[in-house]
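Following: one structure in structure tokens, then a few remarks.
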Amino acid sequence: MSRPRLALALAFVSGLTSLGYQNLWNRLLASGTGSTSYVFTSILIFFLVGIAMGAYIFSRCLYRTRHPVALLGIAELLWPC
């Protein structure tokens, strides 16, 4: 598999996993509070801010590296830490 395809596959799996986490957090917090609309809105805000911050950090580091796919792989491996 070529590196761009590997990066796209990795981004797809990461996005799918993060949407699953978003759904899980929505169900967990809504069961405790009873209000799903406020919980969904707050989780969506955190999710979108996290995407924006990650894109900003990646774009700042992208120009300093010769291997952006390796940078993406390192970021994915460090994410759970």
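Chain labels follow the order of the structure tokens: the first chain is A, the next B, and so on; residue numbering restarts at 1 in every chain, and ligands are counted from 1 in their shown order.
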**OP:** Determine, counting only C-alpha atoms, which protein, DNA and RNA residues have an atom within 10 Å of an atom of Val39 (chain A); residues of the same chain fewer than 4 positions away are not included. Present the result as a list in words.
**Re:** Trp25, Asn26, Arg27, Leu28, Leu29, Ala30, Ser31, Thr33, Gly34, Ser35, Ile43, Leu44 and Ile45 of chain A
Subject >> Minimum-distance residue to Thr41 (chain A), chosen among A:Ser2, A:Ile74, A:Gln22, A:Ala11 (using only C-alpha atoms) >> reply: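 Among the listed residues, the smallest separation from Thr41 (chain A) belongs to A:Gln22.
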Subject >> Length of the CA of Ile51 (chain A) to CA of Leu77 (chain A) vector [Å] >> reply: 16.5 Å
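The closest residue to Ile57 (chain A), picked from A:Leu24, A:Ala75, A:Ala7, A:Leu19 and counting only C-alpha atoms, is A:Ala75.
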